[in-house]
Amino acid sequence: MADKLQAIRGMNDILPDEAELWERFEDTVTGCLKSYGYRGIRTPIVEPTQLFRRAIGEQTDIVETEMYSFADALNGEALTLRPEATASVVRAAIEHNLLYAGPQRLYYSGPMFRHERPQKGRYRQFYQVGAEALGYAGPDSDAELILMTSRMWDDLGLEGIRLELNSLGSSEERARHRGELIAYFLAHEASLDAVARRRLHSNPLRILDSKNEGMQQLIAGAPQMVDFLGDASLAHFDGLQALLREVGIPCRINPRLVRGLDYYNLTVFEWVSDRLGAQGTVCGGGRYDGLIAQLGGKPQPACGFAMGVERLIALMQDAGESAAPWLDAFVVHQGERAAPLAFRAAEALRSAGFDVVLNCGGGSFKAQMKRADASGACYAVIIGDDEAESGEVALKHLREERPQERVAMDGLAARLAGMMIDSEELS
Ligand code: HAM
């Protein structure tokens with residue numbers, strides 16, 4: 001017998017029941033993005049490996065160990081399945097001179113790939129919805145991004161997602177902080193674990209992110225970035241906090257929030273939920289003023305975020321959200337003369353805006369009515385040879401005790417609309 005074929009570990013099928021909730025999520029979130037003037041952009045899933053190495057940073061977990069990279073079998077080109085989309089959006093904006101027309105508010109949605117150890121909320125193929133504000137320098141655009149995400153949580157009916165905020169300053173300020181950090185950790189080298197020792201000179205900031213219990217006291221005493229911020233960085237940070245206070249969004253300043261990608265400066269933020277176990281960050285982002293120039297564009301400031309769709313869907317499910325299949329009508333029919341009429345009835349209803357399933361594959365009336373019931377439809381449209389003879393159809397409410405009605409084929413859509421209004425008024 002052939003081996004059973006299965007999806008790759010850490011890569012999930014989203015089956016129809018869940019896909020409906022995904023669609024509702026996507027509609028809500030994109031509706032919100034559009035209401036803030038964001039416009040869609042779609043970039044390829046495969047990019048030159050060099051793009052991510054340069055944008056995300058050679059010494060990050062993503063680039064060091066998590067990228068799905070391969071050589072193109074035909075021409076040997078080094079390619080990578082995108083682990084995130086900020087680098088791609090910036091590449092596309094440079095390649096197509098998007099910023100010549102002025103600053104751009106862009107959003108995207110789609111799968112990303114990281115070869116991480118799969119667990120609840122952490123997958124190898126996962127979906128992000130992200131927004132990038134290219135060409136905006138002030139804390140007002142950071143605040144707007146945060147305000148927009150906060151509105152999304154409200155629109156999705158999600159509660160208890162908290163905002164964590166930090167500033168990483170300028171590259172010079174970070175370099176000074178980095179020097180002090182290395183000196184501090186070197187002085188306590190014996191207390192560092194193997195990962196931290198490896199990161200000591202390459203990416204000491206990431207040591208602050210360590211979950212190792214035994215190192216927490218050491219980390220708590222480490223030099224903090226905020227003490228290295230100059231006047232301009234402090235003004236940006238204070239400006240953002242003032243705006244957040246103004247719009248009523250509480251936040252916690254977390255001096256250890258460093259993020260896993262190297263392109264950030266000044267603002268970094270994460271939205272975190274306590275209901276998801278270890279993978280509680282549902283959205284992360286910040287400012288990346290150096291990235292456009294670093295990838296070959298004219299220097300321009302920028303900021304953005306990306307949210308993890310699986311994690312937010314899990315929160316929606318946790319909050320009791322489910323998307324019941326919704327169908328207005330199911331057309332059952334039997335007999336040679338009834339079949340073409342059934343097609344006409346279903347098409348007429350669809351033209352009037354109803355969602356309709358037409359019974360395919362025959363079956364007795366009884367069997368078809370069972371299917372109609374299981375479909376979740378509100379109404380059955382019933383057509384037998386009798387009805388076909390008189391150019392009429394029968395309409396039956398499947399969820400309420402109501403007498404079945406016979407209506408003329410021509411008036412079917414109008415009558416169904418009328419019946420729906422009646423039952424809304426009754427309920
Ligand atoms: P990130 O923090 O790497 O940032 O990812 C953003 C979000 O994607 C995370 O907060 C999490 O919800 C979700 N996520 C990340 N990895 C996984 C995974 N393996 N499984 C499930 N969900 C995951 C970025 O990707 C940046 N590009 C965000 C950004 C946009 N910064 C500026 N602009």
# chains A, B, ... in the order shown; residues from 1 in each chain; ligands from 1
>>> residues_near_ligand(ligand="ligand 1", cutoff="7 Å", atoms="only C-alpha atoms and all ligand atoms", output="NGL selection string")
:A and (84-86 or 114 or 116 or 121-128 or 130-132 or 259-261 or 270 or 281-288 or 303-311)
>>> write_last_selection(atoms="N, CA, C and O atoms", output="compact mmCIF listing (two decimals), in the first residue's frame")
# COMPACT_ATOMS: atom_id res chain seq x y z
N GLU A 84 9.16 36.71 6.63
CA GLU A 84 8.40 37.91 7.02
C GLU A 84 8.29 38.76 5.76
O GLU A 84 8.91 38.44 4.74
N ALA A 85 7.49 39.84 5.81
CA ALA A 85 7.24 40.55 4.56
C ALA A 85 7.73 42.00 4.53
O ALA A 85 7.67 42.65 3.49
N THR A 86 8.23 42.50 5.67
CA THR A 86 8.69 43.90 5.66
C THR A 86 9.81 44.09 4.63
O THR A 86 9.79 45.07 3.86
N ARG A 114 8.97 29.85 8.69
CA ARG A 114 10.15 29.84 9.58
C ARG A 114 10.31 28.43 10.10
O ARG A 114 9.35 27.83 10.61
N GLU A 116 10.91 26.77 12.73
CA GLU A 116 11.00 26.77 14.19
C GLU A 116 10.49 25.44 14.70
O GLU A 116 9.91 24.66 13.96
N GLY A 121 0.58 27.63 18.67
CA GLY A 121 0.81 29.04 18.36
C GLY A 121 2.12 29.31 17.63
O GLY A 121 2.43 30.46 17.32
N ARG A 122 2.90 28.25 17.39
CA ARG A 122 4.15 28.47 16.64
C ARG A 122 4.24 27.43 15.54
O ARG A 122 4.29 26.22 15.82
N TYR A 123 4.24 27.89 14.33
CA TYR A 123 4.17 26.99 13.18
C TYR A 123 5.29 27.30 12.19
O TYR A 123 5.95 28.33 12.28
N ARG A 124 5.47 26.38 11.24
CA ARG A 124 6.52 26.60 10.24
C ARG A 124 5.97 27.36 9.03
O ARG A 124 6.69 28.09 8.38
N GLN A 125 4.71 27.14 8.74
CA GLN A 125 4.01 28.06 7.84
C GLN A 125 2.93 28.72 8.68
O GLN A 125 2.11 28.03 9.29
N PHE A 126 2.97 30.04 8.75
CA PHE A 126 1.96 30.76 9.53
C PHE A 126 1.58 31.99 8.73
O PHE A 126 2.27 32.37 7.78
N TYR A 127 0.45 32.59 9.12
CA TYR A 127 -0.04 33.74 8.35
C TYR A 127 0.13 35.03 9.14
O TYR A 127 -0.02 35.05 10.35
N GLN A 128 0.47 36.06 8.41
CA GLN A 128 0.54 37.39 9.01
C GLN A 128 -0.34 38.35 8.22
O GLN A 128 -0.48 38.22 7.01
N GLY A 130 0.02 42.43 7.89
CA GLY A 130 0.96 43.46 8.32
C GLY A 130 0.67 44.79 7.66
O GLY A 130 -0.01 44.86 6.62
N ALA A 131 1.19 45.85 8.29
CA ALA A 131 1.03 47.19 7.73
C ALA A 131 2.38 47.89 7.77
O ALA A 131 3.13 47.72 8.75
N GLU A 132 2.71 48.62 6.73
CA GLU A 132 3.97 49.35 6.70
C GLU A 132 3.66 50.80 6.30
O GLU A 132 3.02 51.03 5.27
N ARG A 259 12.80 42.58 20.33
CA ARG A 259 12.39 42.08 19.02
C ARG A 259 13.48 41.22 18.38
O ARG A 259 14.66 41.35 18.66
N GLY A 260 13.06 40.32 17.49
CA GLY A 260 13.98 39.34 16.93
C GLY A 260 14.56 39.71 15.58
O GLY A 260 15.18 38.87 14.93
N LEU A 261 14.32 40.94 15.13
CA LEU A 261 14.84 41.34 13.81
C LEU A 261 15.70 42.58 14.03
O LEU A 261 15.37 43.43 14.85
N GLU A 270 4.93 45.45 21.17
CA GLU A 270 4.27 44.14 21.01
C GLU A 270 2.93 44.17 21.72
O GLU A 270 2.79 44.79 22.76
N THR A 281 2.53 36.57 22.07
CA THR A 281 2.62 37.82 21.29
C THR A 281 1.78 37.69 20.02
O THR A 281 2.06 36.86 19.17
N VAL A 282 0.75 38.52 19.93
CA VAL A 282 -0.14 38.41 18.76
C VAL A 282 0.22 39.40 17.67
O VAL A 282 -0.21 39.27 16.53
N CYS A 283 1.05 40.39 18.03
CA CYS A 283 1.39 41.42 17.02
C CYS A 283 2.67 42.11 17.46
O CYS A 283 2.86 42.35 18.66
N GLY A 284 3.56 42.37 16.53
CA GLY A 284 4.81 43.04 16.89
C GLY A 284 5.24 43.97 15.78
O GLY A 284 4.95 43.75 14.61
N GLY A 285 5.92 45.04 16.18
CA GLY A 285 6.37 45.97 15.15
C GLY A 285 7.23 47.06 15.71
O GLY A 285 7.70 46.98 16.84
N GLY A 286 7.41 48.09 14.91
CA GLY A 286 8.22 49.21 15.34
C GLY A 286 8.74 50.00 14.16
O GLY A 286 8.30 49.80 13.02
N ARG A 287 9.70 50.87 14.50
CA ARG A 287 10.25 51.78 13.49
C ARG A 287 11.50 51.17 12.89
O ARG A 287 12.27 50.48 13.58
N TYR A 288 11.70 51.38 11.58
CA TYR A 288 12.92 50.88 10.92
C TYR A 288 13.42 51.93 9.94
O TYR A 288 13.42 51.73 8.73
N CYS A 303 7.80 52.77 9.55
CA CYS A 303 7.43 51.94 10.69
C CYS A 303 6.28 51.01 10.29
O CYS A 303 5.64 51.24 9.26
N GLY A 304 6.09 49.97 11.08
CA GLY A 304 5.04 49.01 10.71
C GLY A 304 4.87 47.94 11.77
O GLY A 304 5.49 47.98 12.84
N PHE A 305 3.99 47.00 11.47
CA PHE A 305 3.78 45.86 12.38
C PHE A 305 3.29 44.67 11.57
O PHE A 305 2.89 44.81 10.41
N ALA A 306 3.33 43.50 12.20
CA ALA A 306 2.67 42.33 11.62
C ALA A 306 2.01 41.56 12.75
O ALA A 306 2.53 41.50 13.87
N MET A 307 0.84 40.99 12.45
CA MET A 307 0.15 40.20 13.48
C MET A 307 0.07 38.74 13.05
O MET A 307 0.04 38.44 11.86
N GLY A 308 0.08 37.86 14.05
CA GLY A 308 0.03 36.42 13.79
C GLY A 308 -1.42 35.97 13.71
O GLY A 308 -2.13 35.98 14.72
N VAL A 309 -1.85 35.56 12.53
CA VAL A 309 -3.28 35.27 12.34
C VAL A 309 -3.72 34.05 13.17
O VAL A 309 -4.75 34.09 13.84
N GLU A 310 -2.91 32.96 13.17
CA GLU A 310 -3.31 31.76 13.93
C GLU A 310 -3.56 32.10 15.40
O GLU A 310 -4.50 31.61 16.02
N ARG A 311 -2.68 32.95 15.96
CA ARG A 311 -2.81 33.28 17.39
C ARG A 311 -4.08 34.09 17.64
O ARG A 311 -4.77 33.90 18.65
>>> residues_around(residues="range 331-341 of chain A", least_positions_apart="6", cutoff="10 Å", atoms="only C-alpha atoms", output="MDAnalysis selection string")
chainID A and resid 347 356:360 362:369 371:372 377 379:389 391:395 409
>>> residues_around(residues="Gln217 in chain A", least_positions_apart="5", cutoff="12 Å", atoms="only C-alpha atoms", output="CSV table (one decimal) with all heavy atoms, in the first residue's frame")
chain,number,residue,atom,x,y,z
A,188,HIS,N,30.3,39.1,34.1
A,188,HIS,CA,29.5,38.0,34.8
A,188,HIS,C,29.4,36.8,33.9
A,188,HIS,O,28.4,36.1,33.9
A,188,HIS,CB,28.1,38.5,35.1
A,188,HIS,CG,28.0,39.7,36.0
A,188,HIS,ND1,28.0,41.0,35.5
A,188,HIS,CD2,27.9,39.7,37.3
A,188,HIS,CE1,28.0,41.8,36.5
A,188,HIS,NE2,27.9,41.1,37.7
A,191,SER,N,28.1,33.3,34.7
A,191,SER,CA,26.6,33.1,34.9
A,191,SER,C,25.8,32.9,33.6
A,191,SER,O,24.6,32.8,33.7
A,191,SER,CB,26.0,34.2,35.8
A,191,SER,OG,26.8,34.6,36.8
A,192,LEU,N,26.5,33.1,32.5
A,192,LEU,CA,25.8,33.0,31.2
A,192,LEU,C,25.6,31.6,30.8
A,192,LEU,O,26.5,30.8,30.9
A,192,LEU,CB,26.6,33.8,30.2
A,192,LEU,CG,26.8,35.3,30.4
A,192,LEU,CD1,27.5,35.9,29.2
A,192,LEU,CD2,25.4,36.0,30.5
A,208,LEU,N,19.0,39.8,26.6
A,208,LEU,CA,18.0,40.4,27.5
A,208,LEU,C,16.6,39.7,27.3
A,208,LEU,O,15.8,39.7,28.1
A,208,LEU,CB,17.8,41.9,27.1
A,208,LEU,CG,19.0,42.8,27.3
A,208,LEU,CD1,18.6,44.2,26.9
A,208,LEU,CD2,19.5,42.8,28.7
A,210,SER,N,16.3,36.4,27.0
A,210,SER,CA,16.5,35.0,27.4
A,210,SER,C,15.4,34.7,28.4
A,210,SER,O,15.0,35.4,29.2
A,210,SER,CB,17.8,34.8,28.0
A,210,SER,OG,17.8,33.6,28.7
A,211,LYS,N,14.9,33.4,28.2
A,211,LYS,CA,13.8,33.0,29.2
A,211,LYS,C,14.5,32.1,30.3
A,211,LYS,O,13.7,31.6,31.1
A,211,LYS,CB,12.8,32.1,28.4
A,211,LYS,CG,12.1,32.8,27.2
A,211,LYS,CD,11.0,33.7,27.7
A,211,LYS,CE,10.3,34.5,26.5
A,211,LYS,NZ,11.1,35.4,25.8
A,212,ASN,N,15.8,31.9,30.2
A,212,ASN,CA,16.5,31.1,31.2
A,212,ASN,C,16.3,31.7,32.7
A,212,ASN,O,16.8,32.8,33.0
A,212,ASN,CB,18.0,31.1,30.9
A,212,ASN,CG,18.7,30.1,31.8
A,212,ASN,OD1,18.3,29.8,32.9
A,212,ASN,ND2,19.9,29.7,31.3
A,222,ALA,N,21.2,44.5,34.2
A,222,ALA,CA,22.0,44.9,33.0
A,222,ALA,C,21.7,46.4,32.7
A,222,ALA,O,20.6,46.9,33.0
A,222,ALA,CB,21.6,44.0,31.9
>>> residues_around(residues="Glu173 in chain A", least_positions_apart="3", cutoff="8 Å", atoms="only C-alpha atoms", output="PyMOL selection string")
chain A and resi 169-170+176-177+228-230
>>> residues_around(residues="Arg197 in chain A", least_positions_apart="6", cutoff="12 Å", atoms="only C-alpha atoms", output="PDB file with N, CA and C atoms, in the first residue's frame")
ATOM      1  N   ILE A 182      28.002  44.423  26.723  1.00  0.00           N
ATOM      2  CA  ILE A 182      29.041  43.400  26.575  1.00  0.00           C
ATOM      3  C   ILE A 182      29.960  43.432  27.799  1.00  0.00           C
ATOM      4  N   PHE A 185      28.073  41.880  30.782  1.00  0.00           N
ATOM      5  CA  PHE A 185      27.928  40.420  30.724  1.00  0.00           C
ATOM      6  C   PHE A 185      29.289  39.723  30.787  1.00  0.00           C
ATOM      7  N   LEU A 186      30.331  40.372  30.231  1.00  0.00           N
ATOM      8  CA  LEU A 186      31.684  39.785  30.323  1.00  0.00           C
ATOM      9  C   LEU A 186      32.103  39.667  31.785  1.00  0.00           C
ATOM     10  N   HIS A 188      30.268  39.090  34.123  1.00  0.00           N
ATOM     11  CA  HIS A 188      29.498  38.012  34.778  1.00  0.00           C
ATOM     12  C   HIS A 188      29.445  36.782  33.881  1.00  0.00           C
ATOM     13  N   GLU A 189      30.502  36.553  33.108  1.00  0.00           N
ATOM     14  CA  GLU A 189      30.463  35.531  32.074  1.00  0.00           C
ATOM     15  C   GLU A 189      30.122  34.140  32.619  1.00  0.00           C
ATOM     16  N   ALA A 190      30.585  33.860  33.844  1.00  0.00           N
ATOM     17  CA  ALA A 190      30.375  32.530  34.422  1.00  0.00           C
ATOM     18  C   ALA A 190      28.885  32.227  34.590  1.00  0.00           C
ATOM     19  N   SER A 191      28.061  33.278  34.734  1.00  0.00           N
ATOM     20  CA  SER A 191      26.617  33.060  34.947  1.00  0.00           C
ATOM     21  C   SER A 191      25.834  32.939  33.642  1.00  0.00           C
ATOM     22  N   ASN A 203      25.261  39.506  19.237  1.00  0.00           N
ATOM     23  CA  ASN A 203      23.965  40.148  19.412  1.00  0.00           C
ATOM     24  C   ASN A 203      23.584  40.190  20.901  1.00  0.00           C
ATOM     25  N   PRO A 204      24.353  40.982  21.691  1.00  0.00           N
ATOM     26  CA  PRO A 204      24.150  40.950  23.156  1.00  0.00           C
ATOM     27  C   PRO A 204      22.755  41.401  23.579  1.00  0.00           C
ATOM     28  N   ARG A 206      20.032  40.478  22.460  1.00  0.00           N
ATOM     29  CA  ARG A 206      19.128  39.328  22.507  1.00  0.00           C
ATOM     30  C   ARG A 206      19.257  38.545  23.819  1.00  0.00           C
ATOM     31  N   ILE A 207      20.369  38.756  24.532  1.00  0.00           N
ATOM     32  CA  ILE A 207      20.503  38.073  25.838  1.00  0.00           C
ATOM     33  C   ILE A 207      19.394  38.571  26.773  1.00  0.00           C
ATOM     34  N   SER A 210      16.341  36.448  26.974  1.00  0.00           N
ATOM     35  CA  SER A 210      16.462  35.041  27.393  1.00  0.00           C
ATOM     36  C   SER A 210      15.367  34.658  28.389  1.00  0.00           C
ATOM     37  N   MET A 215      19.142  33.135  34.715  1.00  0.00           N
ATOM     38  CA  MET A 215      19.829  34.363  34.299  1.00  0.00           C
ATOM     39  C   MET A 215      19.011  35.621  34.546  1.00  0.00           C
TER      40      MET A 215
END
>>> residues_around(residues="Tyr263 in chain A", least_positions_apart="5", cutoff="7 Å", atoms="only C-alpha atoms", output="PyMOL selection string")
chain A and resi 55-56+288+291
>>> closest_atom_pairs(of="range 292-322 of chain A", to="range 157-164 of chain A", cutoff="9 Å", atoms="only C-alpha atoms", output="JSON lines")
{"residue": "A:Leu312", "atom": "CA", "partner": "A:Leu158", "partner_atom": "CA", "distance": 8.6}
{"residue": "A:Leu315", "atom": "CA", "partner": "A:Leu158", "partner_atom": "CA", "distance": 7.1}
{"residue": "A:Met316", "atom": "CA", "partner": "A:Leu158", "partner_atom": "CA", "distance": 6.7}
{"residue": "A:Ala319", "atom": "CA", "partner": "A:Leu158", "partner_atom": "CA", "distance": 7.2}
{"residue": "A:Glu321", "atom": "CA", "partner": "A:Gly157", "partner_atom": "CA", "distance": 8.7}
>>> atom_distance(atom1="CA of Asp355 in chain A", atom2="CA of Leu327 in chain A")
5.4 Å
>>> select_by_dssp(residues="range 390-420 of chain A", states="helix (DSSP H, G or I)", output="list in words")
Ser390, Met409, Asp410, Gly411, Leu412, Ala413, Ala414, Arg415, Leu416, Ala417, Gly418, Met419 and Met420 of chain A
>>> atom_distance(atom1="CA of Glu401 in chain A", atom2="CA of Arg344 in chain A")
27.1 Å
>>> residues_around(residues="Val90 in chain A", least_positions_apart="4", cutoff="10 Å", atoms="only C-alpha atoms", output="list in words")
Leu51, Ala55, Ala85, Thr86, Ile94, Glu95, His96, Leu98, Glu132, Leu134, Leu291, Ile292, Ala293, Leu295, Gly296, Gly297 and Ala302 of chain A
>>> select_by_dssp(residues="range 275-388 of chain A", states="strand (DSSP E)", output="compact mmCIF listing (two decimals) with N, CA and C atoms, in the first residue's frame")
# COMPACT_ATOMS: atom_id res chain seq x y z
N THR A 281 2.53 36.57 22.07
CA THR A 281 2.62 37.82 21.29
C THR A 281 1.78 37.69 20.02
N VAL A 282 0.75 38.52 19.93
CA VAL A 282 -0.14 38.41 18.76
C VAL A 282 0.22 39.40 17.67
N CYS A 283 1.05 40.39 18.03
CA CYS A 283 1.39 41.42 17.02
C CYS A 283 2.67 42.11 17.46
N GLY A 284 3.56 42.37 16.53
CA GLY A 284 4.81 43.04 16.89
C GLY A 284 5.24 43.97 15.78
N GLY A 285 5.92 45.04 16.18
CA GLY A 285 6.37 45.97 15.15
C GLY A 285 7.23 47.06 15.71
N GLY A 286 7.41 48.09 14.91
CA GLY A 286 8.22 49.21 15.34
C GLY A 286 8.74 50.00 14.16
N ARG A 287 9.70 50.87 14.50
CA ARG A 287 10.25 51.78 13.49
C ARG A 287 11.50 51.17 12.89
N ALA A 302 10.49 54.87 8.31
CA ALA A 302 9.35 53.95 8.13
C ALA A 302 9.04 53.25 9.44
N CYS A 303 7.80 52.77 9.55
CA CYS A 303 7.43 51.94 10.69
C CYS A 303 6.28 51.01 10.29
N GLY A 304 6.09 49.97 11.08
CA GLY A 304 5.04 49.01 10.71
C GLY A 304 4.87 47.94 11.77
N PHE A 305 3.99 47.00 11.47
CA PHE A 305 3.78 45.86 12.38
C PHE A 305 3.29 44.67 11.57
N ALA A 306 3.33 43.50 12.20
CA ALA A 306 2.67 42.33 11.62
C ALA A 306 2.01 41.56 12.75
N MET A 307 0.84 40.99 12.45
CA MET A 307 0.15 40.20 13.48
C MET A 307 0.07 38.74 13.05
N GLY A 308 0.08 37.86 14.05
CA GLY A 308 0.03 36.42 13.79
C GLY A 308 -1.42 35.97 13.71
N LEU A 327 -26.31 29.94 4.92
CA LEU A 327 -26.84 29.72 3.59
C LEU A 327 -28.29 30.15 3.62
N ASP A 328 -28.75 30.87 2.59
CA ASP A 328 -30.13 31.32 2.61
C ASP A 328 -31.09 30.19 2.20
N ALA A 329 -30.74 29.49 1.13
CA ALA A 329 -31.72 28.50 0.64
C ALA A 329 -31.03 27.28 0.04
N PHE A 330 -31.74 26.16 0.10
CA PHE A 330 -31.28 24.90 -0.50
C PHE A 330 -32.39 24.45 -1.43
N VAL A 331 -32.06 24.21 -2.68
CA VAL A 331 -33.11 23.86 -3.66
C VAL A 331 -33.17 22.35 -3.84
N VAL A 332 -34.30 21.75 -3.49
CA VAL A 332 -34.47 20.31 -3.72
C VAL A 332 -35.43 20.12 -4.89
N HIS A 333 -35.20 19.11 -5.65
CA HIS A 333 -36.03 18.92 -6.85
C HIS A 333 -36.04 17.45 -7.25
N VAL A 356 -27.18 30.28 -2.27
CA VAL A 356 -28.06 29.15 -2.55
C VAL A 356 -27.26 27.91 -2.94
N VAL A 357 -27.65 26.75 -2.39
CA VAL A 357 -27.08 25.50 -2.87
C VAL A 357 -28.17 24.73 -3.60
N LEU A 358 -27.82 24.22 -4.76
CA LEU A 358 -28.75 23.41 -5.55
C LEU A 358 -28.40 21.96 -5.32
N ALA A 377 -29.00 25.80 5.77
CA ALA A 377 -29.83 26.80 5.07
C ALA A 377 -31.07 27.13 5.88
N CYS A 378 -31.58 28.35 5.68
CA CYS A 378 -32.79 28.77 6.39
C CYS A 378 -34.06 28.24 5.70
N TYR A 379 -34.01 28.21 4.38
CA TYR A 379 -35.20 27.84 3.62
C TYR A 379 -34.90 26.70 2.65
N ALA A 380 -35.92 25.87 2.40
CA ALA A 380 -35.84 24.93 1.29
C ALA A 380 -36.76 25.42 0.19
N VAL A 381 -36.27 25.36 -1.02
CA VAL A 381 -37.11 25.64 -2.19
C VAL A 381 -37.38 24.27 -2.79
N ILE A 382 -38.66 23.88 -2.86
CA ILE A 382 -38.98 22.50 -3.25
C ILE A 382 -39.69 22.49 -4.61
N ILE A 383 -39.16 21.72 -5.52
CA ILE A 383 -39.75 21.68 -6.87
C ILE A 383 -39.93 20.22 -7.30
>>> closest_residue(among="A:Ile253, A:Leu81, A:Leu398, A:Leu244", to="Leu147 in chain A", atoms="only C-alpha atoms")
A:Leu244
